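Colleague: Hey, dropping my_file-v8.txt in here, compact mmCIF, C-alpha atoms:
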```txt
# COMPACT_ATOMS: atom_id res chain seq x y z
CA MET A 874 16.85 -28.26 -7.42
CA HIS A 875 14.55 -28.87 -4.48
CA LEU A 876 17.38 -28.05 -2.09
CA ILE A 877 18.20 -24.81 -3.90
CA LEU A 878 14.55 -23.76 -4.04
CA PHE A 879 14.10 -24.60 -0.36
CA ILE A 880 17.18 -22.65 0.73
CA VAL A 881 16.31 -19.60 -1.38
CA PHE A 882 12.69 -19.37 -0.27
CA ALA A 883 13.32 -20.33 3.35
CA GLY A 884 15.89 -17.52 3.33
CA PHE A 885 13.32 -15.09 1.90
CA CYS A 886 10.89 -16.27 4.54
CA LEU A 887 13.25 -15.71 7.46
CA ALA A 888 14.55 -12.41 6.05
CA GLY A 889 10.97 -11.14 5.68
CA ALA A 890 10.05 -12.23 9.21
CA ILE A 891 13.13 -10.59 10.74
CA ASN A 892 12.55 -7.46 8.66
CA LEU A 893 8.98 -7.35 10.02
CA LEU A 894 10.43 -7.08 13.51
CA LEU A 895 13.11 -4.53 12.64
CA GLN A 896 11.05 -2.04 10.64
CA SER A 897 9.49 0.74 12.64
CA HIS A 898 6.92 1.80 10.08
CA PRO A 899 3.85 -0.49 9.88
CA ILE A 900 3.62 -0.32 6.08
CA ASN A 901 7.17 -1.73 5.77
CA SER A 902 6.24 -4.52 8.18
CA ALA A 903 3.14 -5.30 6.11
CA LEU A 904 5.16 -5.48 2.89
CA SER A 905 7.72 -7.83 4.45
CA LEU A 906 4.87 -10.00 5.73
CA ILE A 907 3.70 -10.29 2.10
CA VAL A 908 7.20 -11.54 1.19
CA VAL A 909 6.94 -14.17 3.95
CA MET A 910 3.53 -15.33 2.75
CA VAL A 911 4.47 -15.59 -0.93
CA SER A 912 7.63 -17.56 -0.16
CA LEU A 913 5.56 -19.84 2.10
CA ALA A 914 3.30 -20.45 -0.91
CA VAL A 915 6.36 -21.67 -2.85
CA LEU A 916 7.29 -23.96 0.05
CA TYR A 917 3.74 -25.38 0.05
CA LEU A 918 4.16 -26.10 -3.65
CA LEU A 919 7.45 -27.88 -2.93
CA LEU A 920 5.59 -30.04 -0.41
CA GLY A 921 2.98 -30.91 -3.04
CA ALA A 922 0.11 -28.80 -1.77
CA GLU A 923 -0.91 -27.02 -4.96
CA PHE A 924 -4.33 -25.86 -3.83
CA LEU A 925 -2.94 -24.43 -0.59
CA ALA A 926 -0.19 -22.61 -2.49
CA ALA A 927 -2.83 -20.90 -4.62
CA ALA A 928 -5.04 -20.21 -1.59
CA GLN A 929 -2.07 -18.80 0.31
CA VAL A 930 -1.37 -16.29 -2.44
CA ILE A 931 -5.02 -15.38 -2.98
CA VAL A 932 -6.34 -15.37 0.59
CA TYR A 933 -3.29 -14.40 2.66
CA ALA A 934 -1.00 -12.39 0.38
CA GLY A 935 -4.00 -11.03 -1.51
CA ALA A 936 -7.06 -10.47 0.61
CA ILE A 937 -5.79 -10.30 4.18
CA MET A 938 -2.70 -8.22 3.45
CA VAL A 939 -4.69 -5.80 1.26
CA LEU A 940 -6.97 -5.37 4.27
CA PHE A 941 -3.95 -4.70 6.48
CA THR A 942 -2.33 -2.14 4.14
CA PHE A 943 -5.73 -0.53 3.63
CA VAL A 944 -6.23 -0.07 7.36
CA ILE A 945 -2.65 1.22 7.80
CA MET A 946 -3.26 3.84 5.13
CA LEU A 947 -6.77 4.63 6.38
CA LEU A 948 -5.58 5.27 9.94
CA ASN A 949 -2.46 7.06 8.67
CA ALA A 950 -0.32 4.97 11.00
CA SER A 951 3.00 6.66 11.64
CA ARG A 952 6.30 5.39 12.97
CA GLU A 953 5.93 3.46 16.15
CA GLU A 954 7.71 4.70 19.21
CA ARG A 955 10.02 2.17 20.76
CA THR A 956 9.49 1.59 24.44
CA LEU A 957 10.88 -1.10 26.65
CA GLY A 958 7.55 -2.81 26.99
CA SER A 959 6.38 -4.50 30.12
CA ARG A 960 8.67 -6.11 32.65
CA ALA A 961 6.64 -9.31 32.47
CA ALA A 962 7.44 -9.58 28.75
CA LEU A 963 11.12 -8.98 29.43
CA ARG A 964 11.47 -11.44 32.30
CA VAL A 965 9.02 -14.19 31.37
CA GLY A 966 8.24 -13.72 27.68
CA PHE A 967 11.66 -13.83 26.06
CA PRO A 968 13.04 -16.73 28.15
CA ALA A 969 9.80 -18.59 27.39
CA VAL A 970 10.25 -18.01 23.63
CA VAL A 971 13.84 -19.28 23.76
CA ALA A 972 12.78 -22.29 25.82
CA ILE A 973 9.90 -23.17 23.47
CA LEU A 974 12.13 -22.86 20.40
CA ALA A 975 14.85 -24.97 22.03
CA ILE A 976 12.41 -27.68 23.08
CA ILE A 977 10.72 -27.85 19.66
CA ALA A 978 14.08 -27.89 17.85
CA THR A 979 15.42 -30.66 20.09
CA VAL A 980 12.32 -32.78 19.61
CA ILE A 981 12.35 -32.29 15.84
CA LEU A 982 16.05 -33.06 15.48
CA HIS A 983 15.75 -36.22 17.59
CA THR A 984 12.63 -37.55 15.90
CA GLN A 985 13.19 -40.76 14.00
CA GLY A 986 11.25 -41.65 10.90
CA LEU A 987 10.72 -38.21 9.44
CA GLY A 988 10.90 -38.54 5.69
CA VAL A 989 12.38 -36.38 2.99
CA ALA A 990 10.76 -34.17 0.37
CA ARG A 991 11.68 -34.54 -3.29
CA LEU A 992 10.49 -32.81 -6.42
CA SER A 993 9.34 -36.18 -7.77
CA ASP A 994 6.98 -36.80 -4.85
CA GLY A 995 3.87 -35.86 -6.77
CA ILE A 996 1.29 -33.34 -5.71
CA THR A 997 -2.03 -33.59 -3.95
CA SER A 998 -4.46 -32.47 -6.61
CA THR A 999 -7.35 -30.17 -5.87
CA GLU A 1000 -9.64 -33.00 -6.93
CA GLU A 1001 -8.44 -35.29 -4.11
CA LEU A 1002 -8.69 -32.45 -1.64
CA SER A 1003 -12.22 -31.47 -2.58
CA ALA A 1004 -13.37 -35.10 -2.62
CA VAL A 1005 -12.60 -35.32 1.10
CA LEU A 1006 -13.67 -31.77 1.87
CA PHE A 1007 -17.12 -32.05 0.32
CA THR A 1008 -17.96 -35.56 1.52
CA LYS A 1009 -16.45 -36.30 4.92
CA LEU A 1010 -15.91 -32.73 6.10
CA LEU A 1011 -18.98 -31.05 4.64
CA LEU A 1012 -20.38 -29.95 8.02
CA PRO A 1013 -17.20 -28.13 9.17
CA PHE A 1014 -17.06 -26.47 5.76
CA GLU A 1015 -20.61 -25.15 6.09
CA VAL A 1016 -19.93 -24.05 9.68
CA THR A 1017 -16.92 -22.10 8.36
CA SER A 1018 -19.09 -20.31 5.85
CA VAL A 1019 -21.47 -19.29 8.66
CA LEU A 1020 -18.43 -18.07 10.63
CA ILE A 1021 -17.32 -15.92 7.69
CA LEU A 1022 -20.83 -14.47 7.44
CA ILE A 1023 -20.85 -13.61 11.15
CA ALA A 1024 -17.38 -12.07 10.78
CA ILE A 1025 -18.62 -9.83 7.96
CA LEU A 1026 -21.57 -8.70 10.07
CA GLY A 1027 -19.30 -8.12 13.06
CA ALA A 1028 -16.80 -6.12 11.01
CA VAL A 1029 -19.55 -3.90 9.61
CA ALA A 1030 -21.10 -3.42 13.06
CA LEU A 1031 -17.75 -2.55 14.67
CA ALA A 1032 -16.21 -0.37 11.99
CA GLY A 1033 -19.37 1.23 10.62
CA HIS A 1034 -20.30 4.72 11.71
CA ASP A 1035 -22.35 4.86 14.85
CA GLU A 1036 -25.70 6.44 14.08
CA ARG A 1037 -25.83 8.03 17.54
CA GLU A 1038 -22.62 9.98 16.91
CA ARG A 1039 -24.17 11.91 14.08
CA THR A 1040 -27.55 12.54 15.65
CA GLY A 1041 -25.94 13.76 18.85
CA GLY A 1042 -26.28 10.85 21.27
CA LYS A 1043 -30.00 10.20 20.95
CA MET B 983 22.31 -31.04 -13.65
CA ASN B 984 20.69 -34.35 -12.84
CA ALA B 985 22.26 -34.27 -9.39
CA PHE B 986 20.33 -31.08 -8.66
CA PHE B 987 17.00 -32.69 -9.47
CA SER B 988 17.64 -35.71 -7.30
CA GLN B 989 18.47 -33.60 -4.26
CA GLU B 990 16.12 -34.00 -1.36
CA VAL B 991 15.33 -31.93 1.70
CA PRO B 992 14.69 -33.54 5.10
CA LEU B 993 11.24 -32.72 6.42
CA SER B 994 12.80 -31.72 9.75
CA TRP B 995 14.17 -28.60 8.05
CA TYR B 996 10.65 -27.56 7.14
CA LEU B 997 9.56 -28.17 10.74
CA LEU B 998 12.50 -26.16 12.05
CA LEU B 999 11.60 -23.30 9.71
CA SER B 1000 8.03 -23.38 10.98
CA ALA B 1001 9.22 -23.34 14.62
CA ILE B 1002 11.52 -20.38 13.91
CA LEU B 1003 8.71 -18.49 12.16
CA PHE B 1004 6.42 -19.12 15.13
CA SER B 1005 9.06 -17.88 17.58
CA LEU B 1006 9.71 -14.78 15.50
CA GLY B 1007 5.96 -14.14 15.62
CA VAL B 1008 5.97 -14.41 19.42
CA VAL B 1009 8.99 -12.08 19.66
CA GLY B 1010 7.21 -9.59 17.39
CA PHE B 1011 4.12 -9.82 19.56
CA LEU B 1012 6.26 -8.92 22.58
CA ILE B 1013 8.48 -6.16 21.18
CA LYS B 1014 6.20 -4.34 18.73
CA ARG B 1015 4.40 -1.30 20.06
CA ASN B 1016 1.98 -0.67 17.21
CA LEU B 1017 -1.43 -2.34 17.39
CA ILE B 1018 -1.43 -3.27 13.69
CA THR B 1019 2.09 -4.71 13.79
CA VAL B 1020 1.20 -6.78 16.86
CA PHE B 1021 -1.72 -8.14 14.86
CA MET B 1022 0.61 -8.93 11.94
CA SER B 1023 2.85 -10.91 14.30
CA ILE B 1024 -0.16 -13.11 15.12
CA GLU B 1025 -0.63 -13.73 11.39
CA LEU B 1026 3.06 -14.72 11.23
CA MET B 1027 2.52 -17.28 14.00
CA LEU B 1028 -0.51 -18.71 12.17
CA ASN B 1029 1.61 -19.06 9.01
CA GLY B 1030 4.35 -20.86 10.90
CA VAL B 1031 1.88 -23.39 12.27
CA ASN B 1032 0.34 -23.84 8.81
CA LEU B 1033 3.74 -24.80 7.40
CA SER B 1034 4.11 -27.58 9.97
CA PHE B 1035 0.60 -28.85 9.13
CA VAL B 1036 1.50 -29.06 5.43
CA THR B 1037 4.79 -30.77 6.28
CA PHE B 1038 3.06 -33.45 8.33
CA ALA B 1039 0.41 -33.87 5.64
CA HIS B 1040 3.28 -34.60 3.24
CA GLN B 1041 4.91 -36.98 5.72
CA TRP B 1042 1.81 -39.12 6.31
CA HIS B 1043 0.31 -38.63 2.82
CA ALA B 1044 -2.82 -37.35 4.54
CA VAL B 1045 -5.18 -34.98 2.75
CA LYS B 1046 -6.87 -33.96 5.99
CA GLY B 1047 -3.79 -32.06 7.14
CA GLN B 1048 -4.05 -29.81 4.11
CA ILE B 1049 -7.79 -29.36 4.66
CA PHE B 1050 -7.05 -28.25 8.22
CA VAL B 1051 -4.73 -25.57 6.82
CA PHE B 1052 -7.59 -24.48 4.57
CA PHE B 1053 -9.82 -24.08 7.63
CA VAL B 1054 -7.10 -22.17 9.47
CA MET B 1055 -6.87 -19.79 6.50
CA MET B 1056 -10.62 -19.20 6.52
CA VAL B 1057 -10.68 -18.56 10.27
CA ALA B 1058 -7.65 -16.24 9.90
CA ALA B 1059 -9.53 -14.28 7.23
CA ALA B 1060 -12.52 -13.89 9.58
CA GLU B 1061 -10.18 -12.98 12.43
CA ALA B 1062 -8.40 -10.34 10.31
CA ALA B 1063 -11.70 -8.75 9.29
CA VAL B 1064 -13.03 -8.53 12.86
CA GLY B 1065 -9.65 -7.60 14.36
CA LEU B 1066 -9.04 -4.75 11.94
CA ALA B 1067 -12.58 -3.50 12.54
CA ILE B 1068 -11.84 -3.47 16.27
CA ILE B 1069 -8.58 -1.58 15.58
CA ILE B 1070 -10.53 1.03 13.60
CA ALA B 1071 -13.04 1.36 16.47
CA VAL B 1072 -10.21 1.72 19.01
CA PHE B 1073 -8.48 4.33 16.85
CA ARG B 1074 -11.71 6.28 16.57
CA ALA B 1075 -12.12 6.33 20.34
CA ARG B 1076 -8.48 6.93 21.36
CA ALA B 1077 -6.83 8.50 18.27
CA THR B 1078 -3.70 6.38 18.86
CA LEU B 1079 -2.38 2.98 17.83
CA ALA B 1080 0.34 2.68 20.49
CA VAL B 1081 -0.45 -0.30 22.69
CA ASP B 1082 1.11 1.40 25.72
CA ARG B 1083 -1.59 4.05 25.66
CA ILE B 1084 -4.45 1.62 25.14
CA ASP B 1085 -4.50 0.22 28.62
CA ARG B 1086 -8.06 0.68 29.75
CA MET B 1087 -10.98 -1.52 28.79
CA LYS B 1088 -13.49 1.30 29.16
CA LEU B 1089 -13.78 3.76 26.31
```
Would you give me this structure, written as structure tokens?

Modeller:
Amino acid sequence: MHLILFIVFAGFCLAGAINLLLQSHPINSALSLIVVMVSLAVLYLLLGAEFLAAAQVIVYAGAIMVLFTFVIMLLNASREERTLGSRAALRVGFPAVVAILAIIATVILHTQGLGVARLSDGITSTEELSAVLFTKLLLPFEVTSVLILIAILGAVALAGHDERERTGGK
Amino acid sequence: MNAFFSQEVPLSWYLLLSAILFSLGVVGFLIKRNLITVFMSIELMLNGVNLSFVTFAHQWHAVKGQIFVFFVMMVAAAEAAVGLAIIIAVFRARATLAVDRIDRMKL
């Protein structure tokens, strides 16, 4: 059962990621990214991370991707034009990607002592997670909330209408 | 039917999947020519790394790995908000989203 679920949702994940690269319209890419994120949420659940699975759906597939689709529709983004890109990307970028993937895959496949995942492994409950988060890691949590606040202010300052534009550059 | 439930998946498969997702994100970053799609490729890379964090948290039975993913999600949310605001500002100044035409720092 675990194997079947893993194969199905890993397949969805890879298909969505490849589709993101192949589609030329941004809205299609955004929708396939949502597929990737939802199937990743299922994989998190298979690994026993129930809180993260919920957060993945709510924060990533919900909030962030709604923001993306909203901006795509707001800016009326059309089909992208395919160009060859830079020569640096062609000569250095793609060989580097292949090399990184090959190195990581070799290391992973040769690592001893990696365990297996079963359905009967049991899940990390939200209670355990929050017990550590709100005692040992309280300061990073609060710093993150300040970061979110600054991000909101920055987003409003950047995207909001400039007052000078309307009053004629005063 | 019982054989299905007892099946197990090696954790290295999860790690391989996360490496492939990360590489696909890098390839997308290199080949896409739309500012928003380039930004989505970065989100794909973040998701690939998150999967490996969760896998290692499962391997070592460590809660902190999952909490780190939580922090990555929060920072990604902040990053998406600011990044999309910058994209809107760039679009307002240049009226294009093609990265080839956005090659000057000065507005």

Colleague: Restricting the calculation to only C-alpha atoms: of B:Val1072, B:Leu999, B:Ala1060, B:Ile1018, which residue gets closest to Val1031 of chain B?

Modeller: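 Checking each candidate against Val1031 of chain B, we get B:Leu999 as the closest.
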
Colleague: Would you mind reading off the distance between atom CA of Val1005 of chain A and atom CA of Leu998 of chain B, one decimal, in Å?

Modeller: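 So the two atoms, atom CA of Val1005 of chain A and atom CA of Leu998 of chain B, lie 28.9 Å apart.
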
Colleague: Rank A:Ala914, A:Leu919, A:Leu992, A:Val932 by their smallest atom-to-atom distance to Gly1030 of chain B, using only C-alpha atoms, and report the top residue only.

Modeller: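 Smallest separation from Gly1030 of chain B among the options: A:Ala914.
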
Colleague: Write out as a list of chain:residue names each polymer residue whose atoms come within 12 Å of Ala936 of chain A, counting all atoms listed in the file; drop sequence neighbours fewer than 3 positions from it.

Modeller: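 The contact residues come out as A:Ile907, A:Met910, A:Ala928, A:Gln929, A:Val930, A:Ile931, A:Val932, A:Tyr933, A:Val939, A:Leu940, A:Phe941, A:Thr942, A:Phe943, B:Met1055, B:Met1056, B:Ala1058, B:Ala1059, B:Ala1060, B:Ala1062, B:Ala1063.
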
Colleague: Hey, can you check how far atom CA of Met1022 of chain B sits from atom CA of Gly1007 of chain B?

Modeller: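 Pair atom CA of Met1022 of chain B / atom CA of Gly1007 of chain B returns 8.3 Å.
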
Colleague: Which of these, B:Leu997, B:Met1087, B:Glu1061, B:Ala1075, has the shortest distance to Leu1022 of chain A once you count only C-alpha atoms?

Modeller: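 Under the stated criterion, the closest residue is B:Glu1061.
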
Colleague: Quick one: what's the axis-aligned box for segment 994-1010 of chain B, all listed atoms, 5 Å on every side, centre and edges in Å to one decimal, as JSON?

Modeller:
```
{"center_x": 10.1, "center_y": -20.7, "center_z": 13.4, "size_x": 18.2, "size_y": 32.1, "size_z": 22.5}
```

Colleague: Give me the residues within 12 Å of Asp1085 of chain B as a list in words, counting only C-alpha atoms and dropping any in the same chain fewer than 5 places off.

Modeller: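 Contacts, in chain order: Ser959 of chain A; Leu1017, Val1072, Arg1076, Thr1078, Leu1079 and Ala1080 of chain B.
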
Colleague: Leaving out segment 1036-1053 of chain B and any residue of its chain fewer than 4 positions from it, which residues lie within 8 Å of it when counting only C-alpha atoms, given as a ChimeraX atom specification?

Modeller: /A:917,920-922,925,928,987-989,997,1001-1002,1005-1006,1014,1017 /B:993,996-997,1032,1057

Colleague: Can you work out the spacing between atom CA of Leu1020 of chain A and atom CA of Ser1034 of chain B in Å, to one decimal?

Modeller: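 Separating atom CA of Leu1020 of chain A from atom CA of Ser1034 of chain B is a distance of 24.5 Å.
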
Colleague: Name the residues within 9 Å of (15.6, -35.8, 1.2), counting all atoms listed in the file in the file's coordinates, and put them as a PyMOL selection string.

Modeller: (chain A and resi 876+988-991) or (chain B and resi 988-993)

Colleague: Atoms to include: C-alpha atoms. Write the selected residues as a compact mmCIF listing (two decimals), keeping the file's coordinate frame.

Modeller:
```txt
# COMPACT_ATOMS: atom_id res chain seq x y z
CA LEU A 876 17.38 -28.05 -2.09
CA GLY A 988 10.90 -38.54 5.69
CA VAL A 989 12.38 -36.38 2.99
CA ALA A 990 10.76 -34.17 0.37
CA ARG A 991 11.68 -34.54 -3.29
CA SER B 988 17.64 -35.71 -7.30
CA GLN B 989 18.47 -33.60 -4.26
CA GLU B 990 16.12 -34.00 -1.36
CA VAL B 991 15.33 -31.93 1.70
CA PRO B 992 14.69 -33.54 5.10
CA LEU B 993 11.24 -32.72 6.42
```

Colleague: With distances taken over all atoms listed in the file, which residue among B:Ile1084, B:Val1020, B:Leu1028, B:Ala1001 lies nearest chain A?

Modeller: B:Ala1001

Colleague: Just want the 8 Å neighbourhood of segment 1008-1011 of chain B, counted on all atoms listed in the file, with same-chain residues fewer than 6 positions away dropped. Output as a PyMOL selection string.

Modeller: (chain A and resi 893-894+967+970) or (chain B and resi 1019-1021+1023-1024+1027)

Colleague: Store the residues picked out above in a file with C-alpha atoms, as a tab-separated table (two decimals), keeping the file's coordinate frame.

Modeller:
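again_27.tsv, written as the output of this step:
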```tsv
chain	number	residue	atom	x	y	z
A	893	LEU	CA	8.98	-7.35	10.02
A	894	LEU	CA	10.43	-7.08	13.51
A	967	PHE	CA	11.66	-13.83	26.06
A	970	VAL	CA	10.25	-18.01	23.63
B	1019	THR	CA	2.09	-4.71	13.79
B	1020	VAL	CA	1.20	-6.78	16.86
B	1021	PHE	CA	-1.72	-8.14	14.86
B	1023	SER	CA	2.85	-10.91	14.30
B	1024	ILE	CA	-0.16	-13.11	15.12
B	1027	MET	CA	2.52	-17.28	14.00
```

Colleague: Would you please work out which residue, of A:His875, A:Lys1009, A:Arg964, A:His1034, is nearest to chain B when using all atoms listed in the file?

Modeller: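 Checking each of A:His875, A:Lys1009, A:Arg964, A:His1034 against chain B, counting all atoms listed in the file, the winner is A:His875.
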
Colleague: Under the rule that all atoms listed in the file are counted, which of B:Ser1005, B:Ser994, B:Asn1016, B:Arg1086 is the nearest residue to Ile1069 of chain B?

Modeller: B:Asn1016

Colleague: Leaving out Glu954 of chain A and any residue of its chain fewer than 5 positions from it, which residues lie within 10 Å of it when counting only C-alpha atoms, given as a PyMOL selection string?

Modeller: (chain A and resi 897-898) or (chain B and resi 1014-1016+1080+1082)

Colleague: Saving segment 989-1036 of chain B with C-alpha atoms, as a PDB file, in the first residue's frame, what would that file be?

Modeller:
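Wrote it out as selection.pdb, contents follow:
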```
ATOM      1  CA  GLN B 989       5.300  -3.187   1.712  1.00  0.00           C
ATOM      2  CA  GLU B 990       7.962  -0.676   2.543  1.00  0.00           C
ATOM      3  CA  VAL B 991       9.717   2.042   0.602  1.00  0.00           C
ATOM      4  CA  PRO B 992      13.448   2.720   1.032  1.00  0.00           C
ATOM      5  CA  LEU B 993      14.097   6.260   2.216  1.00  0.00           C
ATOM      6  CA  SER B 994      16.686   6.660  -0.554  1.00  0.00           C
ATOM      7  CA  TRP B 995      13.828   6.775  -3.061  1.00  0.00           C
ATOM      8  CA  TYR B 996      12.396   9.790  -1.271  1.00  0.00           C
ATOM      9  CA  LEU B 997      15.830  11.430  -1.316  1.00  0.00           C
ATOM     10  CA  LEU B 998      16.224  10.680  -5.015  1.00  0.00           C
ATOM     11  CA  LEU B 999      12.812  12.210  -5.699  1.00  0.00           C
ATOM     12  CA  SER B1000      13.817  15.327  -3.787  1.00  0.00           C
ATOM     13  CA  ALA B1001      17.103  15.577  -5.748  1.00  0.00           C
ATOM     14  CA  ILE B1002      15.238  15.213  -9.058  1.00  0.00           C
ATOM     15  CA  LEU B1003      12.699  17.869  -8.037  1.00  0.00           C
ATOM     16  CA  PHE B1004      15.530  20.227  -7.096  1.00  0.00           C
ATOM     17  CA  SER B1005      17.277  19.647 -10.437  1.00  0.00           C
ATOM     18  CA  LEU B1006      14.047  20.197 -12.359  1.00  0.00           C
ATOM     19  CA  GLY B1007      13.706  23.477 -10.468  1.00  0.00           C
ATOM     20  CA  VAL B1008      17.215  24.530 -11.508  1.00  0.00           C
ATOM     21  CA  VAL B1009      16.513  23.562 -15.144  1.00  0.00           C
ATOM     22  CA  GLY B1010      13.287  25.583 -15.027  1.00  0.00           C
ATOM     23  CA  PHE B1011      15.191  28.531 -13.615  1.00  0.00           C
ATOM     24  CA  LEU B1012      17.576  28.328 -16.579  1.00  0.00           C
ATOM     25  CA  ILE B1013      15.180  27.695 -19.474  1.00  0.00           C
ATOM     26  CA  LYS B1014      12.069  29.677 -18.515  1.00  0.00           C
ATOM     27  CA  ARG B1015      11.812  33.163 -19.938  1.00  0.00           C
ATOM     28  CA  ASN B1016       8.877  34.481 -17.923  1.00  0.00           C
ATOM     29  CA  LEU B1017       9.641  36.248 -14.652  1.00  0.00           C
ATOM     30  CA  ILE B1018       6.760  34.572 -12.798  1.00  0.00           C
ATOM     31  CA  THR B1019       7.654  31.087 -14.045  1.00  0.00           C
ATOM     32  CA  VAL B1020      11.288  31.601 -13.022  1.00  0.00           C
ATOM     33  CA  PHE B1021       9.983  32.474  -9.570  1.00  0.00           C
ATOM     34  CA  MET B1022       7.835  29.317  -9.550  1.00  0.00           C
ATOM     35  CA  SER B1023      10.935  27.243 -10.341  1.00  0.00           C
ATOM     36  CA  ILE B1024      12.524  28.617  -7.154  1.00  0.00           C
ATOM     37  CA  GLU B1025       9.459  27.452  -5.211  1.00  0.00           C
ATOM     38  CA  LEU B1026       9.920  24.017  -6.803  1.00  0.00           C
ATOM     39  CA  MET B1027      13.521  23.901  -5.559  1.00  0.00           C
ATOM     40  CA  LEU B1028      12.397  24.866  -2.042  1.00  0.00           C
ATOM     41  CA  ASN B1029       9.831  22.044  -2.116  1.00  0.00           C
ATOM     42  CA  GLY B1030      12.452  19.526  -3.202  1.00  0.00           C
ATOM     43  CA  VAL B1031      14.703  20.479  -0.302  1.00  0.00           C
ATOM     44  CA  ASN B1032      11.756  20.325   2.116  1.00  0.00           C
ATOM     45  CA  LEU B1033      11.078  16.727   1.091  1.00  0.00           C
ATOM     46  CA  SER B1034      14.632  15.715   1.973  1.00  0.00           C
ATOM     47  CA  PHE B1035      14.305  17.469   5.364  1.00  0.00           C
ATOM     48  CA  VAL B1036      11.142  15.479   6.136  1.00  0.00           C
TER      49      VAL B1036
END
```
